[in-house]
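**Student:** Below is one structure. I have some questions about it.
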Amino acid sequence: AGAGRMEVLVKLWLGSLSPTLVAHGFQADAIGLLQFESAMASTSEFFADLKALHGRISDAFNLQELPAAAKSGVLHSAAAGASPTNSATKSGAGGGVAGGAGGKVSVVVEHLTKGGSINIFVDSAESTILDVRKAIMQKLEEASINKVKIVIQEGRGTKMIPDGEALGVRVDKEGRAELLMVGRALQ
């Protein structure tokens, strides 16, 4: 029953929001929807009127269930046939992004303060920021997750990206993501 409800929500989201997604430069597919929601969430923190609008849109479309739909895979599988423009905006399998090694998503991680970068792979665009942190830990042979923090720059500082956030909101059409990290050096 839960998956069926999620599929209906995905069709509602894409059917209703696709024109808005396209009008604002996003793809009319699952990845575009995730990117749009992420942009709204991060931007609305700073503007009360935008925060209120984002809240109304989220409530009206039940968008608070979007991360769960992405994590479970229902978002991408249900979106495959939900949007008439979807086939034109996809660049590969797996929710509109091309895969890297063996269908995986390539993630370039750059250290914000100490310089350097590494490339890792995660299973898919549905992988979470926590999955990315664990992959970095494995590559660096780092035992402490507290030394691997994925951040975005905001104002004069940084803000940690929540562990539960799906990577898909940050994956480009080529199936690649670029992230910033603070904590231990990458060498």
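Ligands are numbered from 1 in the order shown, residues from 1 within each chain, and chains are lettered A, B, ... in the order they appear in the structure tokens.
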Give the alpha helix (DSSP H) residues of range 95-172 of chain A, as DSSP finds them on the backbone, and put them as a PyMOL selection string.

**Tutor:** chain A and resi 129-140

**Student:** Considering only C-alpha atoms, state which residue in the set A:Leu50, A:Ile150, A:Leu33, A:Ala166 is at the smallest distance from Ser127 in chain A.

**Tutor:**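 Closest candidate: A:Ala166.
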
**Student:** List as a VMD selection string the protein and nucleic acid residues near Ser106 in chain A, meaning an atom at most 7 Å away when only C-alpha atoms are counted, but skip any in the same chain fewer than 4 places from it.

**Tutor:** chain A and resid 100 119 to 122 175 to 177

**Student:** Produce a file of the selected residues containing N, CA, C and O atoms, as a tab-separated table (two decimals), in the first residue's frame.

**Tutor:**
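What landed in result31.tsv:
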```
chain	number	residue	atom	x	y	z
A	100	GLY	N	28.51	6.05	-13.72
A	100	GLY	CA	29.95	6.02	-13.88
A	100	GLY	C	30.38	4.57	-14.02
A	100	GLY	O	29.90	3.86	-14.87
A	119	ASN	N	38.22	11.17	-5.88
A	119	ASN	CA	37.05	10.71	-6.61
A	119	ASN	C	36.61	9.39	-5.99
A	119	ASN	O	37.43	8.50	-5.78
A	120	ILE	N	35.31	9.29	-5.68
A	120	ILE	CA	34.75	8.06	-5.15
A	120	ILE	C	33.54	7.70	-5.99
A	120	ILE	O	33.06	8.51	-6.79
A	121	PHE	N	33.03	6.50	-5.80
A	121	PHE	CA	31.81	6.07	-6.46
A	121	PHE	C	30.83	5.59	-5.41
A	121	PHE	O	31.22	4.95	-4.44
A	122	VAL	N	29.54	5.93	-5.61
A	122	VAL	CA	28.47	5.39	-4.78
A	122	VAL	C	27.51	4.65	-5.70
A	122	VAL	O	27.54	4.82	-6.92
A	175	GLY	N	25.86	12.12	-14.56
A	175	GLY	CA	25.98	11.15	-13.48
A	175	GLY	C	27.14	11.42	-12.55
A	175	GLY	O	27.72	10.53	-11.96
A	176	ARG	N	27.45	12.70	-12.37
A	176	ARG	CA	28.60	13.10	-11.57
A	176	ARG	C	28.15	14.15	-10.56
A	176	ARG	O	27.33	15.00	-10.86
A	177	ALA	N	28.72	14.08	-9.36
A	177	ALA	CA	28.44	15.08	-8.33
A	177	ALA	C	29.76	15.66	-7.84
A	177	ALA	O	30.79	14.98	-7.84
```

**Student:** Let me make sure I understand: among A:Glu110, A:Leu34, A:Met6, A:Ala135, which one has the smallest atom-to-atom distance to Ser18 in chain A if we use only C-alpha atoms?

**Tutor:**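 Among A:Glu110, A:Leu34, A:Met6, A:Ala135, it is A:Leu34 that comes nearest to Ser18 in chain A.
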
**Student:** Could you tell me, as a PDB file with C-alpha atoms, in the first residue's frame, which residues of range 2-173 of chain A DSSP assigns to strand (DSSP E) when given the backbone?

**Tutor:**
```pdb
ATOM      1  CA  VAL A 105      27.629   7.706  -9.571  1.00  0.00           C
ATOM      2  CA  SER A 106      31.017   9.441  -9.604  1.00  0.00           C
ATOM      3  CA  VAL A 107      31.524  11.899  -6.742  1.00  0.00           C
ATOM      4  CA  VAL A 108      34.396  14.371  -6.774  1.00  0.00           C
ATOM      5  CA  VAL A 109      35.111  15.520  -3.222  1.00  0.00           C
ATOM      6  CA  GLU A 110      37.188  18.668  -2.778  1.00  0.00           C
ATOM      7  CA  HIS A 111      38.547  19.710   0.622  1.00  0.00           C
ATOM      8  CA  SER A 117      40.365  16.279  -4.108  1.00  0.00           C
ATOM      9  CA  ILE A 118      39.453  12.618  -4.426  1.00  0.00           C
ATOM     10  CA  ASN A 119      37.049  10.708  -6.614  1.00  0.00           C
ATOM     11  CA  ILE A 120      34.750   8.055  -5.153  1.00  0.00           C
ATOM     12  CA  PHE A 121      31.807   6.072  -6.464  1.00  0.00           C
ATOM     13  CA  VAL A 122      28.470   5.386  -4.782  1.00  0.00           C
ATOM     14  CA  VAL A 148      34.521  13.546   7.231  1.00  0.00           C
ATOM     15  CA  LYS A 149      31.930  16.307   6.913  1.00  0.00           C
ATOM     16  CA  ILE A 150      30.202  17.214   3.656  1.00  0.00           C
ATOM     17  CA  VAL A 151      29.310  20.905   3.576  1.00  0.00           C
ATOM     18  CA  ILE A 152      27.985  23.748   1.461  1.00  0.00           C
ATOM     19  CA  GLN A 153      29.181  27.318   1.688  1.00  0.00           C
ATOM     20  CA  GLU A 154      26.607  29.726   3.075  1.00  0.00           C
ATOM     21  CA  GLY A 157      30.632  30.014   6.759  1.00  0.00           C
ATOM     22  CA  THR A 158      29.610  26.492   5.990  1.00  0.00           C
ATOM     23  CA  LYS A 159      26.623  24.315   6.708  1.00  0.00           C
ATOM     24  CA  MET A 160      26.802  20.552   6.945  1.00  0.00           C
TER      25      MET A 160
END
```

**Student:** Taking 6 positions as the minimum chain separation for residues in the same chain, which residues sit within 9 Å of His54 in chain A when counting only C-alpha atoms? Answer as a tab-separated table (two decimals) with N, CA and C atoms, in the first residue's frame.

**Tutor:**
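Output contents, as saved in around_2.tsv:
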```
chain	number	residue	atom	x	y	z
A	37	GLU	N	13.46	20.82	-5.10
A	37	GLU	CA	13.12	20.80	-3.67
A	37	GLU	C	14.32	21.21	-2.82
A	40	MET	N	14.80	24.98	-3.15
A	40	MET	CA	13.78	25.69	-2.37
A	40	MET	C	14.08	25.62	-0.87
A	41	ALA	N	14.44	24.44	-0.39
A	41	ALA	CA	14.71	24.27	1.03
A	41	ALA	C	15.89	25.11	1.50
A	44	SER	N	15.02	29.01	1.08
A	44	SER	CA	13.94	29.53	1.92
A	44	SER	C	14.37	29.79	3.36
```

**Student:** Considering only C-alpha atoms, state which residue in the set A:Leu140, A:Ala125, A:Ala185, A:Val10 is at the smallest distance from Leu66 in chain A.

**Tutor:**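 Closest to Leu66 in chain A of all the choices is A:Val10.
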
**Student:** Select, from A:Lys104, A:His24, A:Lys147, A:Lys11, the residue with the minimum atom-to-atom distance to Met181 in chain A, counting only C-alpha atoms.

**Tutor:** A:Lys147

**Student:** In Å, rounded to a single decimal, give me how far CA of Arg170 in chain A is from CA of Asp49 in chain A.

**Tutor:**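 Computing it gives 25.1 Å between the two atoms.
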
**Student:** Between A:Val74, A:Ala23, A:Leu186, A:Ala28, single out the one closest to Met137 in chain A, counting only C-alpha atoms.

**Tutor:** A:Leu186
